[in-house]
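K.L.:
Quick one, query24.cif (mmCIF, C-alpha atoms):
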data_my_file
#
loop_
_atom_site.label_atom_id
_atom_site.label_comp_id
_atom_site.auth_asym_id
_atom_site.auth_seq_id
_atom_site.Cartn_x
_atom_site.Cartn_y
_atom_site.Cartn_z
CA THR A 7 132.82 119.19 135.89
CA ASP A 8 130.47 120.86 138.34
CA LEU A 9 127.43 119.41 136.53
CA CYS A 10 125.71 116.38 138.05
CA LEU A 11 125.04 113.51 135.63
CA PRO A 12 121.25 114.06 135.21
CA ALA A 13 121.79 117.75 134.46
CA LEU A 14 124.52 116.91 131.96
CA VAL A 15 122.25 114.41 130.22
CA ARG A 16 119.47 116.98 130.00
CA MET A 17 121.86 119.57 128.60
CA LEU A 18 123.16 117.16 125.95
CA THR A 19 119.61 116.11 125.05
CA ARG A 20 118.56 119.73 124.57
CA THR A 21 121.64 120.35 122.44
CA ILE A 22 120.94 117.35 120.19
CA VAL A 23 117.26 118.25 119.79
CA THR A 24 118.12 121.89 119.06
CA LYS A 25 120.63 120.93 116.37
CA THR A 26 118.17 118.45 114.85
CA LEU A 27 115.38 121.00 114.76
CA ALA A 28 117.67 123.58 113.20
CA ARG A 29 118.06 121.30 110.16
CA THR A 30 114.31 121.07 109.52
CA SER A 31 111.79 123.36 107.87
CA SER A 32 110.21 124.02 111.25
CA SER A 33 111.68 125.51 114.39
CA LEU A 34 109.76 123.08 116.60
CA LEU A 35 109.08 119.73 114.90
CA ALA A 36 111.61 117.16 113.65
CA VAL A 37 111.31 113.66 112.25
CA GLU A 38 114.45 111.57 112.12
CA PRO A 39 115.28 110.35 109.59
CA ARG A 40 113.14 112.45 107.26
CA HIS A 41 113.74 110.27 104.19
CA THR A 42 113.75 106.50 104.69
CA GLN A 43 112.98 103.18 103.09
CA LEU A 44 109.40 102.11 103.82
CA ASP A 45 110.34 99.48 106.42
CA GLN A 46 112.74 101.68 108.38
CA GLU A 47 111.66 103.22 111.69
CA VAL A 48 111.37 106.95 112.36
CA THR A 49 111.18 109.03 115.54
CA VAL A 50 109.15 112.21 116.05
CA ARG A 51 110.58 114.91 118.32
CA ALA A 52 109.75 118.50 119.16
CA GLY A 53 111.19 121.04 121.56
CA GLY A 54 110.58 124.51 122.94
CA LEU A 55 106.89 123.80 123.50
CA GLY A 56 106.54 124.71 127.15
CA GLY A 57 106.52 122.26 130.03
CA GLU A 58 103.60 119.84 130.51
CA ARG A 59 101.60 121.30 127.65
CA LYS A 60 99.02 119.38 125.61
CA VAL A 61 99.81 119.29 121.91
CA VAL A 62 98.16 117.55 118.95
CA LEU A 63 100.18 115.86 116.22
CA GLU A 64 98.27 115.33 112.96
CA THR A 65 99.88 113.10 110.34
CA SER A 66 98.43 112.70 106.86
CA LEU A 67 99.14 110.82 103.65
CA ARG A 68 97.26 112.16 100.61
CA ASN A 69 97.17 111.61 96.88
CA GLU A 70 94.00 112.89 95.23
CA ASN A 71 94.62 111.10 91.93
CA GLN A 72 94.73 107.73 93.70
CA ARG A 73 92.01 108.58 96.27
CA ILE A 74 94.53 108.12 99.07
CA ASN A 75 93.55 110.07 102.18
CA PHE A 76 94.81 108.65 105.48
CA ARG A 77 95.29 110.46 108.78
CA SER A 78 96.27 109.89 112.40
CA VAL A 79 95.65 112.28 115.30
CA CYS A 80 97.70 111.92 118.48
CA GLN A 81 97.71 114.05 121.62
CA PHE A 82 100.83 114.30 123.74
CA LEU A 83 101.70 115.98 127.04
CA THR A 84 105.14 117.54 126.78
CA ASN A 85 107.69 116.82 129.50
CA GLU A 86 109.01 119.37 131.99
CA GLN A 87 111.55 120.60 129.44
CA GLY A 88 108.81 121.29 126.89
CA GLN A 89 109.77 118.36 124.67
CA LEU A 90 107.94 115.64 122.78
CA ASP A 91 109.76 112.42 121.91
CA SER A 92 107.83 109.48 120.44
CA GLU A 93 110.70 107.13 121.33
CA VAL A 94 110.05 107.52 125.06
CA GLN A 95 106.58 109.07 125.36
CA SER A 96 103.14 107.55 124.94
CA PRO A 97 100.29 109.59 123.43
CA LEU A 98 97.32 110.44 125.60
CA PRO A 99 94.16 108.25 125.64
CA GLY A 100 91.96 108.73 122.60
CA SER A 101 94.90 109.04 120.22
CA SER A 102 95.30 106.90 117.09
CA TYR A 103 97.62 104.53 118.95
CA GLN A 104 98.58 103.74 122.54
CA GLY A 105 101.86 102.93 124.26
CA VAL A 106 105.41 103.91 123.41
CA HIS A 107 106.04 103.34 119.69
CA LYS A 108 108.37 105.78 117.99
CA GLY A 109 106.82 105.32 114.54
CA GLY A 110 103.25 105.25 115.87
CA PRO A 111 102.08 108.53 114.30
CA LEU A 112 102.78 107.03 110.86
CA TRP A 113 101.66 103.41 111.16
CA SER A 114 98.42 104.33 112.94
CA LEU A 115 97.00 106.18 109.93
CA GLY A 116 93.41 105.35 109.05
CA PRO A 117 91.28 106.13 105.96
CA LEU A 118 89.07 109.21 105.88
CA ARG A 119 85.72 109.41 104.08
CA GLY A 120 86.14 108.94 100.34
CA SER A 121 89.57 107.34 100.64
CA VAL A 122 90.57 103.92 99.43
CA ARG A 123 90.59 101.51 102.36
CA ARG A 124 93.86 99.79 101.48
CA LEU A 125 97.13 101.44 100.47
CA VAL A 126 98.12 100.02 97.07
CA VAL A 127 100.38 102.50 95.30
CA GLU A 128 100.43 102.83 91.53
CA ASP A 129 104.09 103.76 91.10
CA VAL A 130 106.66 102.36 93.52
CA SER A 131 109.36 104.61 92.06
CA LYS A 132 107.68 107.56 93.76
CA PRO A 133 107.99 107.90 97.55
CA LEU A 134 105.07 108.24 99.92
CA VAL A 135 104.90 111.84 101.12
CA TYR A 136 103.60 112.45 104.65
CA GLN A 137 102.64 115.79 106.17
CA MET A 138 102.94 116.34 109.93
CA VAL A 139 101.43 119.31 111.73
CA LEU A 140 101.90 120.01 115.45
CA LYS A 141 99.25 122.18 117.12
CA CYS A 142 98.44 123.56 120.53
CA ALA A 143 95.61 121.40 121.86
CA GLN A 144 93.85 124.35 123.48
CA SER A 145 94.09 127.08 120.84
CA GLY A 146 94.70 125.11 117.65
CA GLN A 147 97.73 127.29 116.90
CA VAL A 148 100.17 125.60 114.52
CA LEU A 149 103.46 125.11 116.37
CA GLY A 150 105.41 123.30 113.70
CA SER A 151 105.18 121.24 110.53
CA GLN A 152 107.28 118.75 108.67
CA GLU A 153 107.21 116.80 105.42
CA ILE A 154 108.77 113.35 105.33
CA THR A 155 109.04 110.60 102.73
CA LYS A 156 109.17 106.81 102.70
CA SER A 157 110.41 104.96 99.62
CA PHE A 158 109.86 101.48 98.21
CA VAL A 159 113.08 101.50 96.19
CA THR A 160 116.52 102.68 97.21
CA SER A 161 118.98 104.40 94.95
CA GLY A 162 120.47 102.07 92.35
CA VAL A 163 117.58 99.59 92.17
CA GLU A 164 116.66 98.93 88.53
CA ARG A 165 113.11 98.22 87.36
CA ARG A 166 112.34 96.32 84.15
CA VAL A 167 108.95 95.36 82.68
CA ILE A 168 108.98 91.67 81.72
CA ARG A 169 107.16 90.25 78.67
CA ILE A 170 109.13 87.12 77.83
CA GLY A 171 107.33 84.04 76.53
CA ARG A 172 104.14 83.83 78.57
CA VAL A 173 105.65 85.59 81.61
CA ARG A 174 104.26 89.00 82.55
CA GLY A 175 105.54 91.02 85.49
CA THR A 176 108.14 93.45 86.74
CA LEU A 177 111.77 92.62 87.51
CA PHE A 178 113.74 94.51 90.15
CA LEU A 179 117.53 94.32 90.27
CA PRO A 180 119.37 95.53 93.38
CA SER A 181 122.11 98.14 93.20
CA GLU A 182 125.31 97.25 91.35
CA SER A 183 127.13 96.45 94.60
CA ASN A 184 124.60 93.66 95.31
CA ARG A 185 123.85 92.67 91.71
CA LEU A 186 124.63 88.93 92.15
CA ALA A 187 121.88 87.94 94.59
CA PRO A 188 119.22 85.32 95.37
CA GLY A 189 116.01 85.46 93.33
CA ILE A 190 112.48 85.77 94.73
CA ILE A 191 109.10 85.76 92.96
CA THR A 192 106.27 87.68 94.62
CA ILE A 193 102.68 86.66 93.88
CA SER A 194 99.82 88.82 95.10
CA GLY A 195 96.28 87.85 95.99
CA GLY A 196 93.09 88.67 94.12
CA ILE A 197 93.96 92.26 93.23
CA THR A 198 95.61 94.14 90.43
CA ASN A 199 96.72 97.74 90.51
CA LYS A 200 94.66 99.35 87.74
CA GLY A 201 95.92 96.87 85.19
CA THR A 202 99.42 96.44 86.59
CA VAL A 203 100.90 93.85 88.92
CA PRO A 204 101.40 94.96 92.57
CA GLU A 205 105.12 95.68 92.94
CA ASP A 206 105.51 96.87 96.52
CA ARG A 207 106.97 93.74 98.13
CA ALA A 208 109.22 92.98 95.18
CA ALA A 209 110.56 96.54 95.18
CA LEU A 210 111.24 96.53 98.90
CA LEU A 211 112.98 93.12 98.76
CA ALA A 212 115.17 94.38 95.91
CA SER A 213 116.08 97.34 98.10
CA SER A 214 117.27 94.75 100.66
CA GLY A 215 119.54 93.08 98.11
CA PHE A 216 117.41 90.43 96.34
CA VAL A 217 116.64 90.05 92.63
CA THR A 218 112.85 89.99 92.51
CA LEU A 219 110.07 89.36 90.03
CA ALA A 220 106.60 90.72 90.79
CA LEU A 221 104.64 88.17 88.79
CA ALA A 222 101.22 88.80 87.27
CA PHE A 223 98.79 85.95 86.67
CA PHE A 224 95.60 87.83 85.74
CA GLY A 225 94.21 91.24 84.89
CA VAL A 226 97.36 92.77 83.40
CA ASP A 227 97.72 92.04 79.67
CA ASP A 228 95.28 90.90 77.02
CA ASP A 229 96.94 87.47 76.99
CA LEU A 230 96.24 86.94 80.72
CA PRO A 231 92.71 86.28 81.99
CA SER A 232 90.83 89.33 83.31
CA ILE A 233 90.01 87.35 86.47
CA TYR A 234 91.61 84.12 87.52
CA SER A 235 89.93 80.71 87.39
CA ASP A 236 91.85 77.45 86.85
CA ILE A 237 95.54 78.02 87.54
CA ASP A 238 98.16 76.40 85.30
CA ILE A 239 101.29 75.91 87.40
CA SER A 240 103.42 75.50 84.27
CA TYR A 241 103.07 79.27 83.76
CA PHE A 242 104.73 79.83 87.14
CA GLU A 243 107.37 77.24 86.30
CA GLU A 244 108.22 79.29 83.24
CA ALA A 245 108.66 82.32 85.50
CA VAL A 246 110.83 80.34 87.93
CA ASP A 247 113.04 79.13 85.08
CA LEU A 248 113.30 82.65 83.68
CA LEU A 249 114.35 84.17 86.99
CA SER A 250 116.86 81.45 87.86
CA SER A 251 118.48 81.78 84.42
CA LEU A 252 119.38 85.44 84.88
CA THR A 253 123.09 86.16 85.28
CA GLU A 254 122.24 88.42 88.22
CA VAL A 255 120.72 85.53 90.21
CA SER A 256 123.18 83.66 92.40
CA SER A 257 121.40 80.27 92.60
CA ARG A 258 119.22 78.09 90.40
CA GLN A 259 116.85 77.76 93.36
CA VAL A 260 114.51 80.70 93.86
CA GLY A 261 112.19 81.80 96.65
CA VAL A 262 108.46 82.42 96.35
CA LEU A 263 106.43 84.83 98.46
CA GLY A 264 102.66 84.69 98.16
CA THR A 265 99.79 86.44 99.90
CA SER A 266 96.16 85.22 99.99
CA LYS A 267 95.50 83.52 96.60
CA GLY A 268 99.18 84.11 95.85
CA ALA A 269 100.01 82.08 98.97
CA ASP A 270 98.13 79.07 97.64
CA ILE A 271 99.81 79.44 94.25
CA SER A 272 103.20 79.62 95.99
CA LEU A 273 102.40 76.46 97.96
CA ALA A 274 101.36 74.63 94.79
CA VAL A 275 104.55 75.81 93.05
CA MET A 276 106.52 74.50 96.03
CA MET A 277 104.67 71.16 95.87
CA PHE A 278 105.10 70.58 92.13
CA LEU A 279 108.45 72.14 91.17
CA GLY A 280 110.76 70.22 93.48
CA ASP A 281 114.29 71.53 93.93
CA LYS A 282 113.65 74.57 91.72
CA ILE A 283 112.22 76.20 94.87
CA GLY A 284 114.65 77.08 97.64
CA ALA A 285 112.20 78.66 100.12
CA CYS A 286 108.50 79.53 100.32
CA VAL A 287 106.57 82.12 102.31
CA ALA A 288 102.77 81.76 102.46
CA MET A 289 100.67 84.48 104.11
CA GLY A 290 96.94 83.94 104.60
CA GLY A 291 96.73 80.83 102.42
CA SER A 292 94.07 78.11 102.43
CA TYR A 293 96.43 75.24 101.52
CA SER A 294 93.82 74.18 98.97
CA SER A 295 92.65 75.36 95.55
CA ILE A 296 89.99 78.04 95.90
CA PRO A 297 87.84 78.86 93.96
CA ASP A 298 89.04 76.80 90.97
CA ARG A 299 91.59 74.10 90.19
CA PHE A 300 95.38 73.96 90.17
CA ILE A 301 96.70 72.03 87.18
CA TYR A 302 100.26 70.85 86.55
CA LYS A 303 100.85 68.49 83.65
CA ASN A 304 98.70 65.42 84.40
CA THR A 305 97.96 66.29 88.02
CA THR A 306 95.02 68.34 89.29
CA ILE A 307 94.22 69.75 92.71
CA GLN A 308 90.44 69.85 92.70
CA ALA A 309 88.56 73.07 93.40
CA THR A 310 86.91 74.15 96.62
CA LYS A 311 84.46 77.05 96.51
CA PHE A 312 84.00 80.11 98.67
CA ILE A 313 80.49 80.73 99.97
CA PHE A 314 78.89 84.03 100.92
CA GLY A 315 75.99 84.78 103.22
CA ASP A 316 72.61 86.03 102.03
CA ASP A 317 72.80 89.24 104.06
CA TYR A 318 74.60 91.74 101.82
CA SER A 319 74.10 94.59 104.29
CA LYS A 320 77.26 93.75 106.26
CA PRO A 321 80.76 92.48 105.44
CA HIS A 322 81.38 88.75 105.57
CA HIS A 323 84.45 86.60 106.14
CA LEU A 324 85.35 84.36 103.23
CA ALA A 325 83.89 80.97 104.13
CA VAL A 326 84.91 77.67 102.55
CA GLU A 327 82.27 75.35 101.10
CA GLY A 328 82.13 72.16 103.14
CA GLY A 329 84.77 73.48 105.51
CA LEU A 330 87.73 71.55 106.83
CA GLU A 331 85.86 68.24 107.14
CA GLN A 332 85.13 68.04 103.42
CA ILE A 333 88.72 68.85 102.44
CA LYS A 334 90.16 66.40 104.99
CA GLN A 335 88.22 63.60 103.31
CA ASP A 336 89.65 64.31 99.85
CA SER A 337 93.42 64.49 99.41
CA ASN A 338 92.84 65.64 95.81
CA LYS A 339 91.68 68.96 97.27
CA GLN A 340 94.82 69.47 99.38
CA ILE A 341 98.14 71.10 98.54
CA LEU A 342 100.61 68.50 99.79
CA ILE A 343 103.43 70.70 101.01
CA GLU A 344 105.16 67.67 102.52
CA ASN A 345 106.08 66.64 98.95
CA SER A 346 108.58 69.51 98.86
CA GLU A 347 111.95 69.65 100.58
CA ALA A 348 111.96 73.46 100.57
CA PRO A 349 111.63 75.26 103.92
CA LEU A 350 108.28 76.94 104.50
CA LEU A 351 107.37 80.05 106.48
CA SER A 352 103.61 80.03 107.13
CA ILE A 353 101.98 83.19 108.49
CA ILE A 354 98.34 83.78 109.41
CA GLY A 355 96.40 86.25 111.54
CA LEU A 356 94.06 84.88 114.18
CA GLU A 357 91.27 87.28 113.14
CA ASP A 358 91.39 86.00 109.57
CA SER A 359 88.53 83.81 108.34
CA PRO A 360 88.04 80.95 110.83
CA GLY A 361 87.87 78.55 107.89
CA LEU A 362 91.29 79.59 106.57
CA ILE A 363 92.82 79.27 110.03
CA GLU A 364 91.45 75.71 110.34
CA LEU A 365 92.74 74.72 106.91
CA THR A 366 96.18 76.16 107.60
CA ARG A 367 96.54 74.37 110.93
CA PHE A 368 95.39 71.09 109.38
CA ALA A 369 97.89 71.34 106.50
CA ILE A 370 100.79 72.19 108.81
CA SER A 371 99.88 69.34 111.18
CA ARG A 372 99.49 66.87 108.32
CA ALA A 373 102.85 67.83 106.77
CA ARG A 374 104.65 67.54 110.10
CA SER A 375 103.07 64.12 110.72
CA LYS A 376 104.48 63.06 107.34
CA GLY A 377 107.99 64.03 108.46
CA LYS A 378 108.35 67.58 107.13
CA THR A 379 110.32 69.38 109.82
CA ASN A 380 111.45 72.59 108.09
CA ILE A 381 108.21 74.50 108.67
CA THR A 382 108.01 77.73 110.64
CA HIS A 383 104.38 78.51 111.43
CA ILE A 384 103.45 81.85 113.01
CA GLU A 385 100.02 82.97 114.20
CA TYR A 386 99.57 86.65 115.06
CA PRO A 387 96.83 87.48 117.62
CA HIS A 388 94.30 90.24 116.77
CA THR A 389 95.62 90.25 113.20
CA GLY A 390 93.54 89.89 110.05
CA HIS A 391 94.05 88.52 106.56
CA LEU A 392 95.68 91.49 104.84
CA ILE A 393 99.15 91.51 106.42
CA ASP A 394 100.71 94.27 104.36
CA LEU A 395 104.09 95.99 104.57
CA PRO A 396 105.28 98.01 107.59
CA PHE A 397 103.70 101.46 107.88
CA CYS A 398 100.82 100.46 105.58
CA PRO A 399 97.48 101.32 107.21
CA HIS A 400 95.47 98.39 108.51
CA ALA A 401 92.67 97.37 106.11
CA SER A 402 89.91 95.20 107.55
CA VAL A 403 87.05 95.60 105.05
CA ILE A 404 87.52 95.83 101.28
CA LYS A 405 86.00 94.63 98.02
CA THR A 406 87.30 91.44 96.42
CA PRO A 407 86.63 90.26 92.86
CA LEU A 408 85.66 86.84 94.25
CA ALA A 409 82.60 88.22 96.02
CA PRO A 410 79.26 89.05 94.35
CA PRO A 411 78.87 92.70 93.31
CA GLY A 412 78.12 95.00 96.21
CA ILE A 413 79.51 92.71 98.90
CA LEU A 414 82.31 93.88 101.15
CA THR A 415 84.61 91.21 102.55
CA LEU A 416 85.64 91.22 106.21
CA PHE A 417 89.36 90.54 106.52
CA GLY A 418 89.64 91.24 110.25
CA GLY A 419 92.25 92.51 112.65
CA GLN A 420 92.53 95.18 115.35
CA PRO A 421 94.25 98.32 114.03
CA GLN A 422 97.19 98.60 116.45
CA GLU A 423 97.92 94.90 116.89
CA HIS A 424 97.62 94.30 113.15
CA ALA A 425 99.93 97.21 112.33
CA LEU A 426 102.59 95.94 114.74
CA ALA A 427 102.27 92.40 113.34
CA GLN A 428 103.10 93.77 109.90
CA PHE A 429 106.49 94.94 111.22
CA GLN A 430 107.20 91.56 112.84
CA ALA A 431 106.08 89.59 109.79
CA TRP A 432 108.20 91.59 107.34
CA SER A 433 111.30 91.32 109.50
CA THR A 434 110.74 87.56 109.82
CA ILE A 435 110.25 87.17 106.05
CA LYS A 436 113.49 88.95 105.20
CA LYS A 437 115.46 86.91 107.70
CA PHE A 438 113.86 83.69 106.44
CA PHE A 439 114.94 84.39 102.86
CA ILE A 440 118.43 85.47 103.95
CA ASP A 441 118.86 82.28 105.97
CA ASN A 442 117.52 79.92 103.28
CA LEU A 443 118.52 81.48 99.96
#
Give the structure from this file in structure tokens form.

P.N.:
Amino acid sequence: TDLCLPALVRMLTRTIVTKTLARTSSSLLAVEPRHTQLDQEVTVRAGGLGGERKVVLETSLRNENQRINFRSVCQFLTNEQGQLDSEVQSPLPGSSYQGVHKGGPLWSLGPLRGSVRRLVVEDVSKPLVYQMVLKCAQSGQVLGSQEITKSFVTSGVERRVIRIGRVRGTLFLPSESNRLAPGIITISGGITNKGTVPEDRAALLASSGFVTLALAFFGVDDDLPSIYSDIDISYFEEAVDLLSSLTEVSSRQVGVLGTSKGADISLAVMMFLGDKIGACVAMGGSYSSIPDRFIYKNTTIQATKFIFGDDYSKPHHLAVEGGLEQIKQDSNKQILIENSEAPLLSIIGLEDSPGLIELTRFAISRARSKGKTNITHIEYPHTGHLIDLPFCPHASVIKTPLAPPGILTLFGGQPQEHALAQFQAWSTIKKFFIDNL
């Protein structure tokens, strides 16, 4: 042909963008793909905007009934061809994120006044619906708009409420083509979702081919405590036995995934239940029993308390009474993960509570010194305690039922680094379970 290679590439790029835009509700703005699973990446593109023009991309996620109101605002300078492409372009300084990140306009959302601080959805069967509006930076004229969705469950995933024996939770079965699959129990921290168990991680893992049980341990039914205190591990053993007995589960060994208090429960389950546990993921755990005891048959892990400062005017990290030195001196206050042969993935953010970081490092070091070699320990810089799912807005300050009324708890993290760590952590967790279950 008579076209030089760069010109041919530009022509093909314009053709692809034009065809993509033609399939959307706007003549200028396109998000590909428009409908995805929550943990799948997206790219934002626009064309026909005029060369080297400043534009503003506003992205919002709203649900008035759940007080969800998150937004990001990003300015871009279009290229010479009048195009915007988040896969290759960085937003201008002052935007909600910096650098080249194709999904940045979505994962950089932050809460507006009156919004909940943390995204905890009430119904995982319904997708998150995002609105994107592209405007001229100078005039404010709307140049294009787009609606996109992100889902927790893919087509074919089956959800069942579980009330069997003492076990309370929600079971997710993958699509028929993946129905015989490894089993995983997810255990959340000190939150419930308006009287229901948080289901987001379990739903997303089921969408990746696992049989999952989102397990409640407080605040759900009348026969569970309204707030947790002493934890009876035999309840979790009953859940493990239930899950492993299902005909859809491919192995009698199951995985456990816990966050915050759920991480410590998962570690205790791993310690006490032997070869019933095939793999454990602990995120933001203390490797001890806080604020009350773990009990399994005739064995007790003694309680360690959280302490809070006297100044209620500002958020506080969760601090541990007596700190590491007190727990080091009393093995009855330690979760002895080295007693389990199951592989462990330990994850913590380095802007979590300093006390939790110390306890985690001590427990990992102790277990390795005792000969436990199948530990993967990851520390994420500039990342806080609440390592949520990909595309979930970073939450650094929220209320916790463990704190006195009126106190906000500081969970830490820098918005961009924390958001990116959530992608890395989730990818690592899925691979860990695939490799070990």

K.L.:
For the PyMOL selection byres ((chain A and resi 229-240) around 6), applied here, can you spell out every residue it catches as a ChimeraX atom specification?

P.N.:
/A:224-225,227-228,241-243,298-302

K.L.:
I need the output of the PyMOL selection byres ((chain A and resi 419) around 10) for this file as a list in words; which residues are they?

P.N.:
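With the shown file as input, the PyMOL selection byres ((chain A and resi 419) around 10) matches Gly355, Leu356, Glu357, Asp358, Tyr386, Pro387, His388, Thr389, Gly390, His391, Leu392, Ile393, His400, Ala401, Ser402, Val403, Leu416, Phe417, Gly418, Gln420, Pro421, Gln422, Glu423, His424 and Ala425 of chain A.
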
K.L.:
Under the rule that only C-alpha atoms are counted, which of A:Ile271, A:Cys398, A:Leu414, A:Leu67 is the nearest residue to Val126 in chain A?

P.N.:
A:Cys398

K.L.:
As a check of understanding, name the residues that the PyMOL selection byres ((chain A and resi 77) around 9) selects in the supplied structure, as a short mmCIF file (atom, residue, chain, number, x, y, z; two decimals) with C-alpha atoms, in the frame of the given file.

P.N.:
data_model
loop_
_atom_site.label_atom_id
_atom_site.label_comp_id
_atom_site.auth_asym_id
_atom_site.auth_seq_id
_atom_site.Cartn_x
_atom_site.Cartn_y
_atom_site.Cartn_z
CA GLU A 64 98.27 115.33 112.96
CA THR A 65 99.88 113.10 110.34
CA SER A 66 98.43 112.70 106.86
CA LEU A 67 99.14 110.82 103.65
CA ARG A 68 97.26 112.16 100.61
CA ASN A 75 93.55 110.07 102.18
CA PHE A 76 94.81 108.65 105.48
CA SER A 78 96.27 109.89 112.40
CA VAL A 79 95.65 112.28 115.30
CA PRO A 111 102.08 108.53 114.30
CA LEU A 112 102.78 107.03 110.86
CA SER A 114 98.42 104.33 112.94
CA LEU A 115 97.00 106.18 109.93
CA GLY A 116 93.41 105.35 109.05
CA PRO A 117 91.28 106.13 105.96
CA LEU A 118 89.07 109.21 105.88
#

K.L.:
Using all atoms listed in the file, which of A:Val50, A:Val106, A:Ile191, A:Ala222 sits nearest Glu153 in chain A?

P.N.:
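Answer, going by the shortest atom-to-atom distance: A:Val50.
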
K.L.:
Go through A:Leu324, A:Met277, A:Val37, A:Ile197 one by one, measure the shortest atom-to-atom distance of each to Ile296 in chain A using only C-alpha atoms, and give the residue with the smallest value.

P.N.:
A:Leu324

K.L.:
What's the separation between CA of Leu134 in chain A and CA of Leu83 in chain A, in Å to one decimal place?

P.N.:
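These atoms are spaced 28.4 Å apart.
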
K.L.:
May I have the residues within 8 Å of range 265-267 of chain A as JSON, numbers by chain, using only C-alpha atoms and disregarding those fewer than 2 positions away in the same chain?

P.N.:
{"A": [193, 194, 195, 196, 263, 269, 270, 271, 288, 289, 290, 291, 292, 296, 391, 392]}

K.L.:
Between CA of Ala348 in chain A and CA of Pro204 in chain A, measure the distance and give it in Å to one decimal.

P.N.:
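That distance, rounded to one decimal, is 25.3 Å.
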
K.L.:
Name the residues in contact with Glu327 in chain A at a cut-off of 7 Å, using all atoms listed in the file, excluding same-chain residues fewer than 4 positions from it; report them as an MDAnalysis selection string.

P.N.:
chainID A and resid 310:313

K.L.:
In Å to one decimal, how far is CA of Glu205 in chain A from CA of Trp432 in chain A?

P.N.:
15.3 Å

K.L.:
When distances are computed from all atoms listed in the file, which of A:Asp394, A:Ala309, A:Pro133, A:Thr84 shows the smallest separation from Gln332 in chain A?

P.N.:
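Checking each candidate against Gln332 in chain A, we get A:Ala309 as the closest.
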
K.L.:
Just checking: using all atoms listed in the file, which residue out of A:Asp281, A:Asp91, A:Glu164, A:Glu86 ends up closest to Ala36 in chain A?

P.N.:
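So, comparing all the options, the nearest one is A:Asp91.
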